[in-house]
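Raw entry.txt, compact mmCIF, C-alpha atoms:
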# COMPACT_ATOMS: atom_id res chain seq x y z
CA MET A 253 179.29 -169.19 -37.02
CA ARG A 254 180.52 -171.30 -39.93
CA ASP A 255 178.23 -169.97 -42.62
CA GLU A 256 179.15 -166.42 -43.60
CA HIS A 257 175.76 -165.77 -45.22
CA SER A 258 173.90 -166.78 -42.06
CA ALA A 259 176.22 -164.64 -39.97
CA LEU A 260 175.54 -161.63 -42.16
CA ASP A 261 171.80 -162.28 -41.99
CA ILE A 262 171.96 -162.44 -38.20
CA VAL A 263 173.88 -159.16 -37.99
CA GLN A 264 171.45 -157.53 -40.40
CA ASP A 265 168.44 -158.77 -38.40
CA ALA A 266 170.01 -157.45 -35.19
CA MET A 267 170.66 -154.05 -36.80
CA ILE A 268 167.07 -153.84 -38.03
CA LYS A 269 165.74 -154.70 -34.56
CA LEU A 270 168.00 -152.05 -33.04
CA ALA A 271 166.86 -149.41 -35.52
CA GLU A 272 163.16 -150.29 -35.19
CA LYS A 273 162.95 -150.53 -31.43
CA TYR A 274 165.73 -148.29 -30.13
CA GLY A 275 166.21 -145.62 -32.79
CA GLY A 276 165.30 -142.88 -30.32
CA LYS A 277 167.83 -143.88 -27.67
CA PRO A 278 170.99 -141.84 -27.04
CA ALA A 279 173.93 -142.88 -29.22
CA ALA A 280 176.00 -143.85 -26.16
CA GLU A 281 173.51 -146.61 -25.26
CA LEU A 282 173.36 -148.16 -28.73
CA PRO A 283 176.54 -150.30 -28.64
CA LEU A 284 175.45 -152.19 -25.51
CA LEU A 285 171.90 -152.54 -26.80
CA PHE A 286 173.20 -153.83 -30.12
CA GLN A 287 175.44 -156.37 -28.38
CA ARG A 288 172.49 -157.73 -26.37
CA ILE A 289 170.21 -157.82 -29.42
CA LEU A 290 172.91 -159.59 -31.43
CA GLN A 291 173.42 -162.19 -28.70
CA ASN A 292 169.67 -162.87 -28.53
CA THR A 293 169.42 -163.06 -32.32
CA ILE A 294 172.25 -165.61 -32.42
CA ARG A 295 170.54 -167.68 -29.70
CA ASP A 296 167.25 -167.52 -31.63
CA TYR A 297 169.04 -168.68 -34.78
CA TYR A 298 170.54 -171.71 -33.03
CA ARG A 299 167.22 -172.55 -31.36
CA ARG A 300 165.46 -172.46 -34.73
CA GLN A 301 168.21 -174.60 -36.26
CA LYS A 302 167.92 -177.14 -33.45
CA ALA A 303 164.13 -177.34 -33.78
CA ARG A 304 164.30 -177.47 -37.57
CA ASN A 305 166.92 -180.22 -37.50
CA ALA A 306 164.86 -182.27 -35.05
CA TRP A 307 161.72 -182.04 -37.16
CA THR A 308 163.57 -182.37 -40.45
CA THR A 309 165.17 -185.59 -39.26
CA LEU A 310 161.86 -186.84 -37.94
CA PHE A 311 159.93 -186.01 -41.09
CA SER A 312 162.66 -186.85 -43.61
CA SER A 313 161.08 -190.18 -44.42
CA LEU A 314 157.93 -188.37 -45.56
CA THR A 315 159.62 -186.93 -48.63
CA PRO A 316 158.89 -188.79 -51.85
CA LYS A 317 161.70 -190.99 -53.10
CA ASN A 318 163.07 -190.10 -56.52
CA GLU A 319 164.20 -192.74 -58.97
CA ILE A 320 167.78 -191.70 -58.24
CA ASP A 321 168.53 -191.69 -54.52
CA GLU A 322 170.10 -188.46 -53.36
CA PHE A 323 173.00 -188.46 -50.93
CA ASP A 324 171.92 -187.62 -47.39
CA PRO A 325 174.88 -186.42 -45.29
CA LEU A 326 173.07 -187.38 -42.08
CA ASP A 327 173.37 -191.03 -43.09
CA SER A 328 177.14 -190.81 -43.16
CA LEU A 329 177.72 -188.99 -39.86
CA GLN A 330 179.46 -190.90 -37.10
CA ASP A 331 180.18 -190.02 -33.53
CA GLY A 332 183.68 -189.27 -32.27
CA ALA A 333 184.31 -192.86 -31.12
CA ASN A 334 182.96 -194.31 -34.40
CA GLN A 335 180.28 -196.22 -32.54
CA SER A 336 177.47 -195.17 -34.87
CA THR A 337 175.72 -197.90 -36.71
CA PRO A 338 173.10 -197.77 -39.43
CA ALA A 339 169.54 -198.13 -38.28
CA THR A 340 168.34 -201.69 -38.02
CA PRO A 341 165.21 -202.72 -39.89
CA ASP A 342 163.30 -202.76 -36.60
CA THR A 343 164.41 -199.22 -35.79
CA SER A 344 163.52 -198.01 -39.28
CA LEU A 345 160.07 -199.59 -38.99
CA GLN A 346 159.50 -198.02 -35.58
CA GLN A 347 160.58 -194.62 -36.88
CA SER A 348 158.21 -194.93 -39.85
CA GLN A 349 155.37 -195.88 -37.52
CA VAL A 350 156.08 -192.95 -35.20
CA ILE A 351 156.17 -190.56 -38.14
CA ALA A 352 152.84 -191.91 -39.37
CA LEU A 353 151.36 -191.38 -35.89
CA ILE A 354 152.71 -187.82 -35.79
CA GLU A 355 151.18 -187.12 -39.20
CA GLN A 356 147.83 -188.43 -38.01
CA ALA A 357 148.04 -186.38 -34.81
CA LEU A 358 148.94 -183.25 -36.81
CA GLY A 359 145.94 -183.87 -39.06
CA LYS A 360 143.62 -183.93 -36.03
CA LEU A 361 144.80 -180.57 -34.68
CA PRO A 362 142.61 -177.51 -35.22
CA ALA A 363 143.71 -175.60 -38.32
CA ARG A 364 145.17 -172.61 -36.45
CA GLN A 365 147.16 -174.80 -34.06
CA ARG A 366 148.50 -176.90 -36.93
CA GLU A 367 149.39 -173.78 -38.90
CA ALA A 368 151.21 -172.15 -35.97
CA PHE A 369 153.03 -175.37 -35.07
CA LEU A 370 154.23 -176.05 -38.62
CA LEU A 371 155.29 -172.45 -39.26
CA ARG A 372 157.23 -172.25 -36.00
CA TYR A 373 158.83 -175.68 -35.85
CA TRP A 374 158.85 -176.91 -39.43
CA GLU A 375 159.47 -173.67 -41.30
CA GLY A 376 161.62 -172.26 -38.48
CA MET A 377 159.90 -168.91 -38.30
CA ASP A 378 160.17 -166.90 -35.12
CA THR A 379 157.09 -165.83 -33.18
CA SER A 380 156.76 -162.43 -34.85
CA GLU A 381 157.13 -163.84 -38.37
CA THR A 382 154.54 -166.51 -37.61
CA ALA A 383 152.17 -163.89 -36.19
CA ILE A 384 152.47 -161.81 -39.37
CA ALA A 385 151.95 -164.85 -41.60
CA MET A 386 148.88 -165.92 -39.61
CA GLY A 387 147.51 -162.42 -39.16
CA CYS A 388 147.33 -162.62 -35.36
CA THR A 389 149.28 -161.52 -32.30
CA GLU A 390 152.48 -163.10 -31.03
CA GLY A 391 150.62 -164.17 -27.90
CA SER A 392 148.13 -166.09 -30.05
CA VAL A 393 150.98 -167.83 -31.85
CA LYS A 394 152.52 -168.87 -28.53
CA THR A 395 149.16 -170.14 -27.29
CA HIS A 396 148.47 -172.09 -30.50
CA CYS A 397 151.97 -173.64 -30.48
CA SER A 398 151.76 -174.58 -26.83
CA ARG A 399 148.34 -176.19 -27.25
CA ALA A 400 149.46 -178.00 -30.40
CA ALA A 401 152.58 -179.39 -28.73
CA HIS A 402 150.56 -180.51 -25.73
CA ALA A 403 147.89 -182.12 -27.92
CA LEU A 404 150.55 -183.92 -29.99
CA ALA A 405 152.27 -185.18 -26.85
CA VAL A 406 148.99 -186.44 -25.38
CA SER A 407 147.97 -188.07 -28.66
CA LEU A 408 151.30 -189.84 -29.04
CA LYS A 409 151.38 -190.89 -25.38
CA GLU A 410 147.92 -192.46 -25.77
CA LYS A 411 149.36 -194.56 -28.57
CA GLY A 412 152.35 -195.61 -26.45
CA VAL A 413 154.90 -193.27 -28.03
CA GLU A 414 157.11 -191.13 -25.83
CA LEU A 415 159.62 -188.91 -27.61
CA PRO A 416 162.83 -187.91 -25.81

Once more with this new file: its structure as structure tokens, please.
Amino acid sequence: MRDEHSALDIVQDAMIKLAEKYGGKPAAELPLLFQRILQNTIRDYYRRQKARNAWTTLFSSLTPKNEIDEFDPLDSLQDGANQSTPATPDTSLQQSQVIALIEQALGKLPARQREAFLLRYWEGMDTSETAIAMGCTEGSVKTHCSRAAHALAVSLKEKGVELP
């Protein structure tokens, strides 16, 4: 983990989970339980980061442009063999069109599905945080997210868009 603050947050979250769910267990079992909880918390963190980065990149063109352009580090990244090239005008246009289609598809989702989908994949909340924010069960959040993702995929496929 490169970011010390994130690492400390992950350890703290793991400790809280251990205390909340396994506080009554014998002390001898706690180190192994904590190790497993910590591993799962780290995996969850990286999954959220991956999903957030995918959606952030996809939706980055939706942010309003200021008079002074801000530096975007993603624009300057290159692969190891330096084969990266800036997006061509055609690629930029296609990306803008896909983003517009995704926005339209999101707007057509039922409110609860849209809310669950955006909280989970845009805001990066985990299932329990989303359930608390929405005032429903974790199972409902999973159902809403699954239905939203399926509906978005169908809607985009109907318009000829297939995301990797």

Query - Long-range neighbours of region 382-393 of chain A as a ChimeraX atom specification, 7 Å cut-off, only C-alpha atoms, 6 positions minimum in chain - result: /A:368,371-372

Please dump the current selection as a PDB file, in the frame of the given file; keep C-alpha atoms.
ATOM      1  CA  ALA A 368     151.210-172.150 -35.970  1.00  0.00           C
ATOM      2  CA  LEU A 371     155.290-172.450 -39.260  1.00  0.00           C
ATOM      3  CA  ARG A 372     157.230-172.250 -36.000  1.00  0.00           C
TER       4      ARG A 372
END

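Put simply, CA of Gln365 (chain A) is 6.1 Å away from CA of Cys397 (chain A).
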
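Rounded to one decimal, CA of Met267 (chain A) and CA of Ile289 (chain A) lie 8.3 Å from each other.
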
*When distances are computed from only C-alpha atoms, which of A:Phe369, A:Ser344, A:Ile294, A:Trp374 shows the smallest separation from Ala403 (chain A)?*
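Smallest separation from Ala403 (chain A) among the options: A:Phe369.
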
Could you write out as lines of an AutoDock Vina configuration file the box around region 396-402 of chain A (axis-aligned, all atoms listed in the file, 5 Å on each side), with centre and edge lengths in Å to one decimal?
center_x = 150.5
center_y = -176.3
center_z = -28.1
size_x = 14.2
size_y = 18.4
size_z = 14.8

* Record the distance separating CA of Leu404 (chain A) and CA of Thr379 (chain A), expressed in Å with one decimal. =>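 Between CA of Leu404 (chain A) and CA of Thr379 (chain A) the gap is 19.5 Å.
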
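For the set A:Met377, A:Leu345, A:Ala266, A:Val350, the residue with the smallest atom-to-atom gap to Asn292 (chain A) is A:Ala266, counting all atoms listed in the file.
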
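Candidate residues A:Ala363, A:Leu282, A:Ala357, A:Ala271 were compared for distance to Ala401 (chain A), and the nearest is A:Ala357, using only C-alpha atoms.
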